[in-house]
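Engineer: I'm passing along final_15.tsv; it holds TSV, C-alpha atoms.
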chain	number	residue	atom	x	y	z
A	572	MET	CA	35.39	-3.94	-6.05
A	573	SER	CA	32.41	-4.08	-8.38
A	574	ALA	CA	31.37	-1.41	-10.86
A	575	GLY	CA	28.72	1.14	-10.01
A	576	LEU	CA	28.20	4.21	-7.91
A	577	HIS	CA	28.70	4.51	-4.15
A	578	ARG	CA	25.22	4.10	-2.69
A	579	ARG	CA	25.81	6.22	0.41
A	580	GLU	CA	27.17	9.08	-1.70
A	581	VAL	CA	24.21	8.84	-4.07
A	582	VAL	CA	21.66	8.97	-1.25
A	583	LYS	CA	23.55	11.74	0.51
A	584	ALA	CA	23.53	13.80	-2.70
A	585	LEU	CA	19.80	13.16	-3.21
A	586	LEU	CA	18.79	14.04	0.35
A	587	GLU	CA	21.08	17.03	0.88
A	588	ASP	CA	19.09	20.27	1.32
A	589	ARG	CA	15.96	18.19	0.94
A	590	GLY	CA	13.53	21.02	1.63
A	591	ASP	CA	10.09	19.66	2.47
A	592	LEU	CA	10.63	16.35	0.66
A	593	LEU	CA	8.79	13.33	2.13
A	594	VAL	CA	10.81	10.10	2.03
A	595	VAL	CA	9.94	6.42	2.35
A	596	ALA	CA	12.93	4.09	2.67
A	597	GLY	CA	12.64	0.38	1.81
A	598	LEU	CA	13.92	-2.16	4.31
A	599	GLY	CA	17.58	-3.09	4.56
A	600	SER	CA	20.44	-1.19	2.98
A	601	ALA	CA	18.25	1.57	1.53
A	602	ALA	CA	17.00	2.40	5.03
A	603	TRP	CA	20.56	2.38	6.39
A	604	ASP	CA	21.67	4.65	3.51
A	605	CYS	CA	18.91	7.16	4.24
A	606	THR	CA	19.76	7.10	7.94
A	607	ALA	CA	23.46	7.60	7.16
A	608	ALA	CA	22.46	10.73	5.23
A	609	GLY	CA	20.81	11.98	8.43
A	610	ASP	CA	17.91	10.60	10.48
A	611	HIS	CA	14.90	12.80	9.73
A	612	PRO	CA	11.30	12.83	11.02
A	613	LEU	CA	10.01	13.11	7.44
A	614	THR	CA	11.79	9.91	6.43
A	615	PHE	CA	9.78	6.77	7.11
A	616	PRO	CA	12.23	3.85	7.12
A	617	LEU	CA	10.89	0.30	6.91
A	618	TRP	CA	12.18	-2.62	8.96
A	619	GLY	CA	9.80	-5.13	7.36
A	620	ALA	CA	6.75	-5.41	5.06
A	621	MET	CA	9.10	-6.12	2.16
A	622	GLY	CA	7.61	-5.02	-1.14
A	623	SER	CA	5.51	-2.24	0.40
A	624	ALA	CA	7.76	0.80	0.02
A	625	CYS	CA	6.35	2.01	-3.31
A	626	MET	CA	2.75	1.57	-2.17
A	627	ILE	CA	3.38	3.56	0.99
A	628	GLY	CA	4.87	6.21	-1.27
A	629	LEU	CA	1.76	6.16	-3.47
A	630	GLY	CA	-0.64	6.49	-0.53
A	631	LEU	CA	1.42	9.39	0.77
A	632	ALA	CA	1.66	11.07	-2.65
A	633	LEU	CA	-2.12	10.88	-3.15
A	634	ALA	CA	-2.75	12.19	0.38
A	635	GLN	CA	-0.29	15.09	-0.02
A	636	PRO	CA	-0.53	16.22	-3.66
A	637	GLU	CA	1.26	19.52	-2.90
A	638	ARG	CA	4.35	17.79	-1.51
A	639	ARG	CA	7.08	15.85	-3.31
A	640	VAL	CA	7.40	12.21	-2.29
A	641	LEU	CA	10.50	10.07	-2.79
A	642	VAL	CA	10.75	6.31	-2.33
A	643	VAL	CA	14.31	5.03	-1.91
A	644	THR	CA	14.58	1.27	-1.99
A	645	GLY	CA	16.69	-1.67	-3.11
A	646	ASP	CA	16.34	-3.98	-6.09
A	647	GLY	CA	15.24	-6.95	-3.97
A	648	GLU	CA	12.54	-4.93	-2.20
A	649	MET	CA	11.35	-3.50	-5.53
A	650	LEU	CA	11.17	-6.95	-7.12
A	651	MET	CA	8.88	-8.16	-4.34
A	652	GLY	CA	6.47	-5.30	-5.08
A	653	LEU	CA	6.67	-5.30	-8.87
A	654	GLY	CA	2.87	-5.12	-9.16
A	655	SER	CA	2.94	-1.77	-7.37
A	656	LEU	CA	4.64	-0.28	-10.44
A	657	ALA	CA	1.52	-1.14	-12.46
A	658	THR	CA	-0.67	0.32	-9.70
A	659	ILE	CA	1.37	3.55	-9.68
A	660	GLY	CA	1.36	3.64	-13.49
A	661	ALA	CA	-2.45	3.52	-13.42
A	662	GLN	CA	-2.62	6.48	-10.98
A	663	ARG	CA	0.24	8.57	-12.45
A	664	PRO	CA	0.88	10.75	-9.39
A	665	GLY	CA	2.88	13.76	-10.60
A	666	ASN	CA	4.60	14.21	-7.23
A	667	LEU	CA	6.10	10.72	-6.79
A	668	ALA	CA	9.62	9.55	-7.61
A	669	VAL	CA	11.15	6.13	-7.00
A	670	VAL	CA	14.89	5.56	-6.73
A	671	VAL	CA	16.05	1.94	-6.73
A	672	LEU	CA	19.60	1.42	-5.52
A	673	ASP	CA	20.42	-1.62	-7.62
A	674	ASN	CA	23.42	-3.66	-6.48
A	675	GLU	CA	21.93	-6.79	-8.09
A	676	ARG	CA	22.14	-8.56	-4.74
A	677	TYR	CA	20.12	-9.35	-1.60
A	678	GLY	CA	22.52	-7.48	0.64
A	679	GLU	CA	21.08	-8.46	4.02
A	680	THR	CA	20.91	-12.21	3.49
A	681	GLY	CA	24.29	-13.22	2.08
A	682	MET	CA	24.62	-11.29	-1.18
A	683	GLN	CA	22.62	-13.73	-3.30
A	684	LYS	CA	21.95	-12.48	-6.84
A	685	THR	CA	18.61	-10.76	-7.46
A	686	HIS	CA	16.75	-10.96	-10.75
A	687	THR	CA	18.41	-7.75	-11.94
A	688	ALA	CA	21.69	-9.71	-11.96
A	689	TYR	CA	19.99	-12.14	-14.35
A	690	GLY	CA	18.80	-9.35	-16.63
A	691	THR	CA	15.53	-7.95	-15.28
A	692	ASP	CA	15.38	-4.31	-16.39
A	693	LEU	CA	13.38	-2.56	-13.67
A	694	ALA	CA	13.44	0.80	-15.46
A	695	ALA	CA	11.93	-0.85	-18.55
A	696	VAL	CA	9.21	-2.39	-16.36
A	697	ALA	CA	8.39	1.01	-14.85
A	698	GLY	CA	8.36	2.60	-18.31
A	699	ALA	CA	6.03	-0.11	-19.61
A	700	CYS	CA	3.75	0.51	-16.60
A	701	GLY	CA	3.29	4.15	-17.58
A	702	PHE	CA	5.86	6.07	-15.51
A	703	ALA	CA	6.41	9.51	-17.07
A	704	ASP	CA	10.18	8.94	-17.11
A	705	SER	CA	12.23	5.90	-16.19
A	706	ARG	CA	15.90	5.29	-16.68
A	707	ILE	CA	19.01	3.48	-15.55
A	708	VAL	CA	21.69	5.71	-14.02
A	709	ARG	CA	25.27	4.46	-14.14
A	710	ARG	CA	27.37	7.60	-13.71
A	711	ASN	CA	27.74	10.27	-11.07
A	712	ALA	CA	27.08	12.84	-13.77
A	713	GLY	CA	23.50	11.53	-13.93
A	714	ILE	CA	22.73	12.17	-10.26
A	715	ALA	CA	22.06	15.91	-10.67
A	716	ALA	CA	19.25	15.08	-13.11
A	717	VAL	CA	17.80	12.55	-10.63
A	718	ARG	CA	17.88	15.22	-7.95
A	719	SER	CA	16.12	17.78	-10.08
A	720	GLY	CA	13.55	15.16	-11.14
A	721	ILE	CA	12.78	14.35	-7.51
A	722	HIS	CA	12.20	18.01	-6.64
A	723	ARG	CA	10.69	19.39	-9.82
A	724	GLY	CA	9.98	16.69	-12.41
A	725	ARG	CA	6.51	15.60	-13.48
A	726	GLY	CA	6.07	12.14	-12.03
A	727	PRO	CA	5.80	9.35	-11.61
A	728	LEU	CA	9.55	9.04	-12.11
A	729	PHE	CA	11.70	5.95	-11.80
A	730	PHE	CA	15.48	5.90	-11.47
A	731	GLN	CA	17.35	2.61	-11.28
A	732	VAL	CA	20.78	3.59	-9.98
A	733	LYS	CA	23.44	0.93	-10.44
A	734	VAL	CA	25.52	0.81	-7.25
A	735	LYS	CA	28.54	-1.14	-6.04
A	736	ARG	CA	28.11	-4.45	-4.22
A	737	ASP	CA	29.85	-3.33	-1.08
A	738	SER	CA	28.91	-4.16	2.50
A	739	LEU	CA	28.86	-0.95	4.52
A	740	PRO	CA	28.64	-0.34	8.26
A	741	LEU	CA	25.02	-0.46	9.48
A	742	VAL	CA	23.52	2.93	10.32
A	743	LEU	CA	20.22	2.05	11.92
A	744	PRO	CA	17.12	4.22	12.23
A	745	PRO	CA	14.87	3.94	15.31
A	746	ARG	CA	13.24	0.50	15.48
A	747	ASP	CA	9.90	1.43	17.04
A	748	GLY	CA	7.41	1.55	14.16
A	749	ALA	CA	4.77	3.46	16.12
A	750	HIS	CA	7.35	6.11	16.97
A	751	LEU	CA	8.46	6.40	13.33
A	752	LYS	CA	4.84	6.80	12.24
A	753	HIS	CA	4.00	9.32	14.91
A	754	ARG	CA	7.03	11.55	14.44
A	755	PHE	CA	6.38	11.62	10.69
A	756	ARG	CA	2.75	12.69	11.14
A	757	GLU	CA	3.66	15.24	13.75
A	758	ALA	CA	6.33	16.81	11.52
A	759	LEU	CA	4.01	16.83	8.51
A	760	LEU	CA	0.60	17.58	9.99
A	761	GLY	CA	1.45	19.38	13.24
A	762	LYS	CA	1.08	18.13	16.78
A	763	GLU	CA	-2.65	18.64	17.08
A	764	ALA	CA	-3.70	17.04	13.79
A	765	ALA	CA	-1.33	14.12	14.29
A	766	ALA	CA	-3.01	13.23	17.58
A	767	ARG	CA	-6.41	12.97	15.92
B	639	MET	CA	-29.44	-4.54	-9.36
B	640	PRO	CA	-31.17	-7.62	-10.83
B	641	GLY	CA	-32.07	-10.12	-8.11
B	642	LYS	CA	-32.56	-13.75	-9.05
B	643	THR	CA	-33.66	-15.02	-5.67
B	644	SER	CA	-35.90	-13.57	-3.00
B	645	LYS	CA	-32.85	-13.14	-0.75
B	646	ALA	CA	-31.02	-11.15	-3.42
B	647	ARG	CA	-34.10	-9.00	-3.96
B	648	SER	CA	-34.46	-8.13	-0.28
B	649	ALA	CA	-30.75	-7.25	-0.11
B	650	ALA	CA	-31.13	-5.06	-3.18
B	651	ALA	CA	-34.11	-3.32	-1.59
B	652	ILE	CA	-31.89	-2.16	1.26
B	653	ASP	CA	-28.97	-1.32	-1.07
B	654	TRP	CA	-26.28	-2.23	1.44
B	655	PRO	CA	-23.38	-1.15	-0.87
B	656	ALA	CA	-24.83	2.38	-0.81
B	657	ALA	CA	-25.06	2.15	2.98
B	658	ILE	CA	-21.38	1.16	3.14
B	659	HIS	CA	-20.52	4.07	0.86
B	660	ARG	CA	-22.37	6.43	3.22
B	661	ALA	CA	-20.55	4.96	6.22
B	662	LEU	CA	-17.19	5.50	4.50
B	663	LYS	CA	-18.10	9.09	3.63
B	664	SER	CA	-19.20	9.92	7.15
B	665	GLN	CA	-15.91	8.47	8.41
B	666	ARG	CA	-13.99	10.75	6.00
B	667	VAL	CA	-12.40	7.91	4.03
B	668	ARG	CA	-10.56	9.52	1.11
B	669	GLN	CA	-8.67	6.64	-0.51
B	670	VAL	CA	-10.42	3.49	-1.67
B	671	CYS	CA	-8.29	0.65	-2.99
B	672	TYR	CA	-9.44	-2.71	-4.19
B	673	VAL	CA	-8.90	-6.02	-5.86
B	674	PRO	CA	-12.38	-6.47	-7.28
B	675	ASP	CA	-15.05	-8.94	-6.31
B	676	ALA	CA	-18.49	-9.26	-7.84
B	677	GLY	CA	-19.87	-8.60	-4.35
B	678	HIS	CA	-18.08	-5.22	-4.27
B	679	LYS	CA	-19.14	-4.23	-7.81
B	680	ARG	CA	-21.69	-1.60	-6.83
B	681	LEU	CA	-19.60	-0.15	-4.00
B	682	ILE	CA	-16.60	0.18	-6.35
B	683	GLU	CA	-18.80	2.02	-8.87
B	684	LEU	CA	-20.15	4.35	-6.17
B	685	CYS	CA	-16.60	5.16	-5.06
B	686	HIS	CA	-15.39	5.78	-8.62
B	687	ALA	CA	-18.27	8.23	-9.05
B	688	ASP	CA	-17.38	10.06	-5.81
B	689	LYS	CA	-15.15	13.09	-6.42
B	690	ASN	CA	-13.94	13.07	-2.81
B	691	MET	CA	-12.48	9.59	-3.09
B	692	ALA	CA	-9.21	8.62	-4.79
B	693	VAL	CA	-9.86	5.12	-6.12
B	694	VAL	CA	-6.88	2.83	-6.60
B	695	PRO	CA	-7.18	-0.58	-8.29
B	696	LEU	CA	-4.50	-2.94	-6.97
B	697	THR	CA	-2.73	-5.87	-8.59
B	698	SER	CA	-2.69	-7.76	-5.28
B	699	GLU	CA	-4.31	-7.21	-1.90
B	700	GLU	CA	-1.16	-6.57	0.17
B	701	GLU	CA	-0.54	-3.43	-1.88
B	702	GLY	CA	-3.57	-1.94	-0.15
B	703	ILE	CA	-2.01	-2.29	3.28
B	704	GLY	CA	0.97	-0.24	2.14
B	705	LEU	CA	-1.30	2.31	0.48
B	706	ALA	CA	-3.39	2.70	3.65
B	707	ALA	CA	-0.23	3.20	5.71
B	708	GLY	CA	1.01	5.89	3.30
B	709	ALA	CA	-2.38	7.60	3.33
B	710	TRP	CA	-2.31	7.74	7.14
B	711	LEU	CA	1.23	9.14	7.13
B	712	GLY	CA	-0.16	11.87	4.89
B	713	GLY	CA	-3.14	12.53	7.17
B	714	LYS	CA	-5.80	10.69	5.15
B	715	ARG	CA	-7.99	7.65	5.74
B	716	ALA	CA	-8.15	4.66	3.41
B	717	VAL	CA	-10.21	1.50	2.99
B	718	LEU	CA	-9.22	-1.77	1.32
B	719	LEU	CA	-11.87	-3.80	-0.52
B	720	MET	CA	-11.22	-7.42	-1.43
B	721	GLN	CA	-12.65	-10.91	-1.42
B	722	SER	CA	-11.63	-13.50	1.14
B	723	SER	CA	-9.33	-15.25	-1.34
B	724	GLY	CA	-6.96	-12.28	-0.97
B	725	VAL	CA	-6.63	-12.35	2.80
B	726	GLY	CA	-3.69	-14.76	2.74
B	727	ASN	CA	-1.82	-12.41	0.40
B	728	CYS	CA	-1.82	-9.78	3.15
B	729	ALA	CA	-0.03	-11.76	5.86
B	730	ASN	CA	3.44	-10.18	5.86
B	731	ALA	CA	2.27	-6.66	5.05
B	732	LEU	CA	0.13	-6.75	8.21
B	733	THR	CA	3.33	-6.08	10.14
B	734	LEU	CA	2.63	-2.41	9.30
B	735	ALA	CA	-0.44	-2.61	11.52
B	736	ALA	CA	1.22	-4.69	14.22
B	737	ASN	CA	4.52	-2.79	14.52
B	738	CYS	CA	3.52	0.73	13.58
B	739	LYS	CA	-0.12	0.75	14.73
B	740	PHE	CA	-1.31	2.01	11.36
B	741	PRO	CA	-5.11	2.03	11.17
B	742	LEU	CA	-6.41	-0.46	8.61
B	743	LEU	CA	-9.99	-0.93	7.45
B	744	MET	CA	-10.66	-3.95	5.25
B	745	LEU	CA	-14.05	-4.85	3.78
B	746	ILE	CA	-13.95	-8.49	2.74
B	747	THR	CA	-16.63	-10.24	0.71
B	748	MET	CA	-16.67	-13.91	1.63
B	749	ARG	CA	-16.21	-16.84	-0.72
B	750	GLY	CA	-16.21	-20.48	0.27
B	751	GLU	CA	-19.26	-20.29	2.51
B	752	GLU	CA	-22.61	-22.05	2.21
B	753	GLY	CA	-23.65	-22.52	-1.40
B	754	GLU	CA	-20.16	-21.90	-2.88
B	755	LEU	CA	-20.02	-23.59	-6.27
B	756	ASN	CA	-16.25	-23.33	-6.80
B	757	PRO	CA	-14.48	-25.77	-4.48
B	758	TRP	CA	-11.16	-23.95	-5.03
B	759	GLN	CA	-12.59	-20.96	-3.14
B	760	ILE	CA	-13.33	-22.99	-0.04
B	761	PRO	CA	-9.88	-23.44	1.62
B	762	MET	CA	-9.00	-19.72	1.80
B	763	GLY	CA	-12.60	-18.75	2.55
B	764	GLN	CA	-12.79	-21.16	5.46
B	765	ALA	CA	-9.35	-20.10	6.72
B	766	THR	CA	-10.17	-16.38	6.54
B	767	PRO	CA	-11.40	-15.78	10.13
B	768	GLU	CA	-8.40	-17.57	11.63
B	769	THR	CA	-5.96	-15.90	9.21
B	770	LEU	CA	-7.28	-12.48	10.22
B	771	ARG	CA	-7.02	-13.37	13.90
B	772	LEU	CA	-3.42	-14.56	13.53
B	773	GLY	CA	-2.59	-11.38	11.61
B	774	GLY	CA	-3.84	-9.24	14.49
B	775	VAL	CA	-6.95	-8.05	12.63
B	776	ARG	CA	-10.18	-7.59	14.60
B	777	ALA	CA	-13.09	-8.93	12.58
B	778	PHE	CA	-16.72	-7.80	12.46
B	779	ARG	CA	-19.26	-9.95	10.67
B	780	LEU	CA	-21.90	-8.48	8.36
B	781	ASP	CA	-24.76	-10.96	7.80
B	782	ARG	CA	-27.74	-8.66	7.25
B	783	ALA	CA	-28.07	-5.88	4.71
B	784	ALA	CA	-29.86	-3.74	7.28
B	785	ASP	CA	-26.72	-3.71	9.48
B	786	ALA	CA	-24.30	-2.45	6.80
B	787	LEU	CA	-24.24	1.21	7.81
B	788	ALA	CA	-23.89	0.54	11.53
B	789	THR	CA	-21.38	-2.30	11.25
B	790	VAL	CA	-19.04	-0.56	8.78
B	791	GLY	CA	-19.32	2.66	10.77
B	792	ALA	CA	-18.39	0.84	13.99
B	793	ALA	CA	-15.50	-0.95	12.31
B	794	ALA	CA	-14.20	2.32	10.88
B	795	ARG	CA	-14.30	3.99	14.29
B	796	PHE	CA	-12.41	1.06	15.78
B	797	ALA	CA	-9.78	1.34	13.05
B	798	PHE	CA	-9.24	5.10	13.00
B	799	ASP	CA	-9.90	6.02	16.64
B	800	ASP	CA	-7.74	3.23	18.06
B	801	CYS	CA	-5.22	2.88	15.20
B	802	ALA	CA	-6.21	-0.77	14.83
B	803	ALA	CA	-6.44	-3.28	12.01
B	804	VAL	CA	-10.11	-4.08	11.51
B	805	ALA	CA	-11.98	-6.19	8.95
B	806	VAL	CA	-15.64	-6.53	8.13
B	807	THR	CA	-16.37	-9.92	6.59
B	808	ILE	CA	-19.48	-9.74	4.43
B	809	ALA	CA	-21.45	-13.00	4.32
B	810	GLN	CA	-21.58	-14.76	0.99
B	811	ARG	CA	-25.32	-15.25	1.31
B	812	LEU	CA	-25.72	-11.48	1.51
B	813	ILE	CA	-23.88	-11.08	-1.78
B	814	GLY	CA	-25.45	-14.01	-3.58
B	815	ILE	CA	-23.84	-17.12	-4.99
B	816	LYS	CA	-21.91	-16.99	-8.25
B	817	SER	CA	-23.75	-19.38	-10.53
B	818	PHE	CA	-21.21	-19.86	-13.39
B	819	LEU	CA	-24.20	-19.99	-15.72
B	820	GLU	CA	-24.24	-16.36	-16.78
B	821	LYS	CA	-22.07	-13.28	-16.67
B	822	PRO	CA	-22.58	-11.22	-13.51
Please lay out the structure from this file as structure tokens.
Structural biologist:
Amino acid sequence: MSAGLHRREVVKALLEDRGDLLVVAGLGSAAWDCTAAGDHPLTFPLWGAMGSACMIGLGLALAQPERRVLVVTGDGEMLMGLGSLATIGAQRPGNLAVVVLDNERYGETGMQKTHTAYGTDLAAVAGACGFADSRIVRRNAGIAAVRSGIHRGRGPLFFQVKVKRDSLPLVLPPRDGAHLKHRFREALLGKEAAAR
Amino acid sequence: MPGKTSKARSAAAIDWPAAIHRALKSQRVRQVCYVPDAGHKRLIELCHADKNMAVVPLTSEEEGIGLAAGAWLGGKRAVLLMQSSGVGNCANALTLAANCKFPLLMLITMRGEEGELNPWQIPMGQATPETLRLGGVRAFRLDRAADALATVGAAARFAFDDCAAVAVTIAQRLIGIKSFLEKP
């Protein structure tokens, strides 16, 4: 068993009593983790478009400045969209937080090492891109601060949470992308506005 | 806008970037993201000066497809500006349009067409129409400055009313040819 936190427990703690939080979940394990914490219409889980999670979060955060937006994704997905950290840093949305569950592996494709296993410091990248706060979280004691940052902190915030390299049972969200989009808009905007 | 040829002068007389800006405003587009192109220079400036538009410079074109999807989730409309060289970068992100039926409006200035002086722009420019088609993007062509308002308006309605991926490809001869002799 590798070092690090239990990813499902971390996500469960972050999404418990989530209030009106809007969530985007990157493809693969991060989406399964969010679903394991409870499928929710205001969670938009990705099944593809790898590297897009943070940008979807940015578009949502700019569109809904009064709401808090959380992107939960994995290290591999984040690495594919590294440029989006610079794009977010240039916009500095105060209502956006990014949590990367970093197991240093591509978990869906055979547990190959990602660049974080070779030393890439994602939190340092986010900090250098202008995130208001960015840090690596290695202990359970740090999760309460992540939670309060997500709900109340001045963003953009970046938390790279080191998690164990375990393979967990799949907990799959609905697969129909149009359904996921529509239920999110309906829950956020109301039935009438969502149909427009 | 200084025009060096009669074609450039007639395009400037119509001010097609301002017409596109008006079309975007009347379609309630609130987020404008871009990887810049000289052909989009004036439109980008108009959008930056518009208090009702959030303007987001991108590091790569596919970021804009994610941004537009997020905007739509949040109840807002977005547009993505780029040059044709960036179309290939968008391929995998276009799954958001195909699988989720997110509306997508792309305004693409063309490179690699008649008069192109940089041969390295030609392969992606020439492959752009087919790349868009394979990616499930409906393409409108804008050849004449006078059509800018109507064509972009029609493309926007297609995108937002039908939740479709739509591109307007803007002819290189409308924009003018980059000469490499002087700074734009």
Engineer: Applying 7 Å and all atoms listed in the file, which residues near range 746-756 of chain A remain after dropping the ones on its own chain fewer than 6 positions away? List them as a list in words.
Structural biologist: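 Listing them by chain and then by number gives Pro612, Leu613, Phe615 and Ala765 of chain A; Leu711, Gly712, Asn737, Cys738 and Lys739 of chain B.
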Engineer: Smallest atom-to-atom distance to Ser655 in chain A: which of A:Ala712, A:Leu728, A:Leu629, A:Ala607, using all atoms listed in the file?
Structural biologist: A:Leu629
Engineer: Quick one: residues within 7 Å of (19.8, 2.8, -12.5) (file frame), counting all atoms listed in the file, please, as a short mmCIF file (atom, residue, chain, number, x, y, z; two decimals) with C-alpha atoms, in the frame of the given file.
Structural biologist:
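Result saved to out12.cif:
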data_model
loop_
_atom_site.label_atom_id
_atom_site.label_comp_id
_atom_site.auth_asym_id
_atom_site.auth_seq_id
_atom_site.Cartn_x
_atom_site.Cartn_y
_atom_site.Cartn_z
CA VAL A 671 16.05 1.94 -6.73
CA ASP A 673 20.42 -1.62 -7.62
CA ARG A 706 15.90 5.29 -16.68
CA ILE A 707 19.01 3.48 -15.55
CA VAL A 708 21.69 5.71 -14.02
CA ARG A 709 25.27 4.46 -14.14
CA PHE A 730 15.48 5.90 -11.47
CA GLN A 731 17.35 2.61 -11.28
CA VAL A 732 20.78 3.59 -9.98
CA LYS A 733 23.44 0.93 -10.44
#
Engineer: Please measure the separation of CA of Pro740 in chain A and CA of Glu675 in chain A, giving the value in Å to one decimal.
Structural biologist: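 CA of Glu675 in chain A lies at a distance of 18.8 Å from CA of Pro740 in chain A.
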Engineer: Nearest to chain B: which of A:Thr606, A:Gln635, A:Thr614, A:Ser573 is it, counting all atoms listed in the file?
Structural biologist: A:Gln635
Engineer: How far is it from CA of Trp758 in chain B to CA of Tyr672 in chain B, in Å with one decimal?
Structural biologist: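 Separation of CA of Trp758 in chain B and CA of Tyr672 in chain B: 21.3 Å.
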Engineer: Choose the residue, out of B:Trp654, B:Phe778, B:Trp710, B:Phe796, that has the smallest atom-to-atom separation from chain A; count only C-alpha atoms.
Structural biologist: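 Answer, going by the shortest atom-to-atom distance: B:Trp710.
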Engineer: What is the distance between CA of Ala620 in chain A and CA of Gly647 in chain A, in Å to one decimal?
Structural biologist: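 Result for CA of Ala620 in chain A versus CA of Gly647 in chain A: 12.5 Å, one decimal.
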Engineer: Can you write out as a Markdown table which residues of chain B fall within 10 Å of chain A, alongside each residue's closest atom pair and its distance in Å to one decimal, counting only C-alpha atoms and ordering rows by chain and ascending residue number?
Structural biologist:
| residue | atom | partner | partner_atom | distance |
| --- | --- | --- | --- | --- |
| B:Arg668 | CA | A:Ala634 | CA | 8.3 |
| B:Gln669 | CA | A:Gly630 | CA | 8.0 |
| B:Cys671 | CA | A:Gly630 | CA | 9.9 |
| B:Ala692 | CA | A:Leu633 | CA | 7.6 |
| B:Val693 | CA | A:Gln662 | CA | 8.8 |
| B:Val694 | CA | A:Gln662 | CA | 7.1 |
| B:Pro695 | CA | A:Thr658 | CA | 6.7 |
| B:Leu696 | CA | A:Thr658 | CA | 5.7 |
| B:Thr697 | CA | A:Gly654 | CA | 5.7 |
| B:Ser698 | CA | A:Gly654 | CA | 7.3 |
| B:Glu700 | CA | A:Ser623 | CA | 8.0 |
| B:Glu701 | CA | A:Met626 | CA | 6.0 |
| B:Gly702 | CA | A:Met626 | CA | 7.5 |
| B:Ile703 | CA | A:Ser623 | CA | 8.1 |
| B:Gly704 | CA | A:Ile627 | CA | 4.6 |
| B:Leu705 | CA | A:Gly630 | CA | 4.4 |
| B:Ala706 | CA | A:Gly630 | CA | 6.3 |
| B:Ala707 | CA | A:Ile627 | CA | 6.0 |
| B:Gly708 | CA | A:Ile627 | CA | 4.0 |
| B:Ala709 | CA | A:Gly630 | CA | 4.4 |
| B:Trp710 | CA | A:Leu631 | CA | 7.6 |
| B:Leu711 | CA | A:Arg756 | CA | 5.6 |
| B:Gly712 | CA | A:Leu631 | CA | 5.1 |
| B:Gly713 | CA | A:Ala634 | CA | 6.8 |
| B:Lys714 | CA | A:Ala634 | CA | 5.9 |
| B:Arg715 | CA | A:Ala634 | CA | 8.8 |
| B:Ala716 | CA | A:Gly630 | CA | 8.7 |
| B:Cys728 | CA | A:Ala620 | CA | 9.8 |
| B:Ala729 | CA | A:Ala620 | CA | 9.3 |
| B:Asn730 | CA | A:Ala620 | CA | 5.9 |
| B:Ala731 | CA | A:Ala620 | CA | 4.7 |
| B:Leu732 | CA | A:Ala620 | CA | 7.5 |
| B:Thr733 | CA | A:Ala620 | CA | 6.2 |
| B:Leu734 | CA | A:Ala620 | CA | 6.6 |
| B:Ala735 | CA | A:Ala749 | CA | 9.2 |
| B:Ala736 | CA | A:Gly748 | CA | 8.8 |
| B:Asn737 | CA | A:Gly748 | CA | 5.2 |
| B:Cys738 | CA | A:Ala749 | CA | 3.9 |
| B:Lys739 | CA | A:Ala749 | CA | 5.8 |
| B:Phe740 | CA | A:Lys752 | CA | 7.8 |
| B:Phe798 | CA | A:Arg767 | CA | 8.9 |
| B:Asp799 | CA | A:Arg767 | CA | 7.8 |
Engineer: I'd like to know which of B:Val673, B:Val790, B:Ala777, B:Leu755 is closest to Leu719 in chain B, using only C-alpha atoms.
Structural biologist: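 The answer is B:Val673, which sits nearest to Leu719 in chain B.
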Engineer: Within 12 Å of Arg589 in chain A, counting all atoms listed in the file, which residues qualify if same-chain residues fewer than 2 places away don't, as a PDB file with C-alpha atoms, in the frame of the given file?
Structural biologist:
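The file below, selection_7.pdb, is the result:
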ATOM      1  CA  VAL A 582      21.660   8.970  -1.250  1.00  0.00           C
ATOM      2  CA  LYS A 583      23.550  11.740   0.510  1.00  0.00           C
ATOM      3  CA  ALA A 584      23.530  13.800  -2.700  1.00  0.00           C
ATOM      4  CA  LEU A 585      19.800  13.160  -3.210  1.00  0.00           C
ATOM      5  CA  LEU A 586      18.790  14.040   0.350  1.00  0.00           C
ATOM      6  CA  GLU A 587      21.080  17.030   0.880  1.00  0.00           C
ATOM      7  CA  ASP A 591      10.090  19.660   2.470  1.00  0.00           C
ATOM      8  CA  LEU A 592      10.630  16.350   0.660  1.00  0.00           C
ATOM      9  CA  LEU A 593       8.790  13.330   2.130  1.00  0.00           C
ATOM     10  CA  VAL A 594      10.810  10.100   2.030  1.00  0.00           C
ATOM     11  CA  CYS A 605      18.910   7.160   4.240  1.00  0.00           C
ATOM     12  CA  ALA A 608      22.460  10.730   5.230  1.00  0.00           C
ATOM     13  CA  GLY A 609      20.810  11.980   8.430  1.00  0.00           C
ATOM     14  CA  HIS A 611      14.900  12.800   9.730  1.00  0.00           C
ATOM     15  CA  LEU A 613      10.010  13.110   7.440  1.00  0.00           C
ATOM     16  CA  THR A 614      11.790   9.910   6.430  1.00  0.00           C
ATOM     17  CA  ARG A 638       4.350  17.790  -1.510  1.00  0.00           C
ATOM     18  CA  ARG A 639       7.080  15.850  -3.310  1.00  0.00           C
ATOM     19  CA  VAL A 640       7.400  12.210  -2.290  1.00  0.00           C
ATOM     20  CA  LEU A 641      10.500  10.070  -2.790  1.00  0.00           C
ATOM     21  CA  ARG A 718      17.880  15.220  -7.950  1.00  0.00           C
ATOM     22  CA  SER A 719      16.120  17.780 -10.080  1.00  0.00           C
ATOM     23  CA  ILE A 721      12.780  14.350  -7.510  1.00  0.00           C
ATOM     24  CA  HIS A 722      12.200  18.010  -6.640  1.00  0.00           C
TER      25      HIS A 722
END
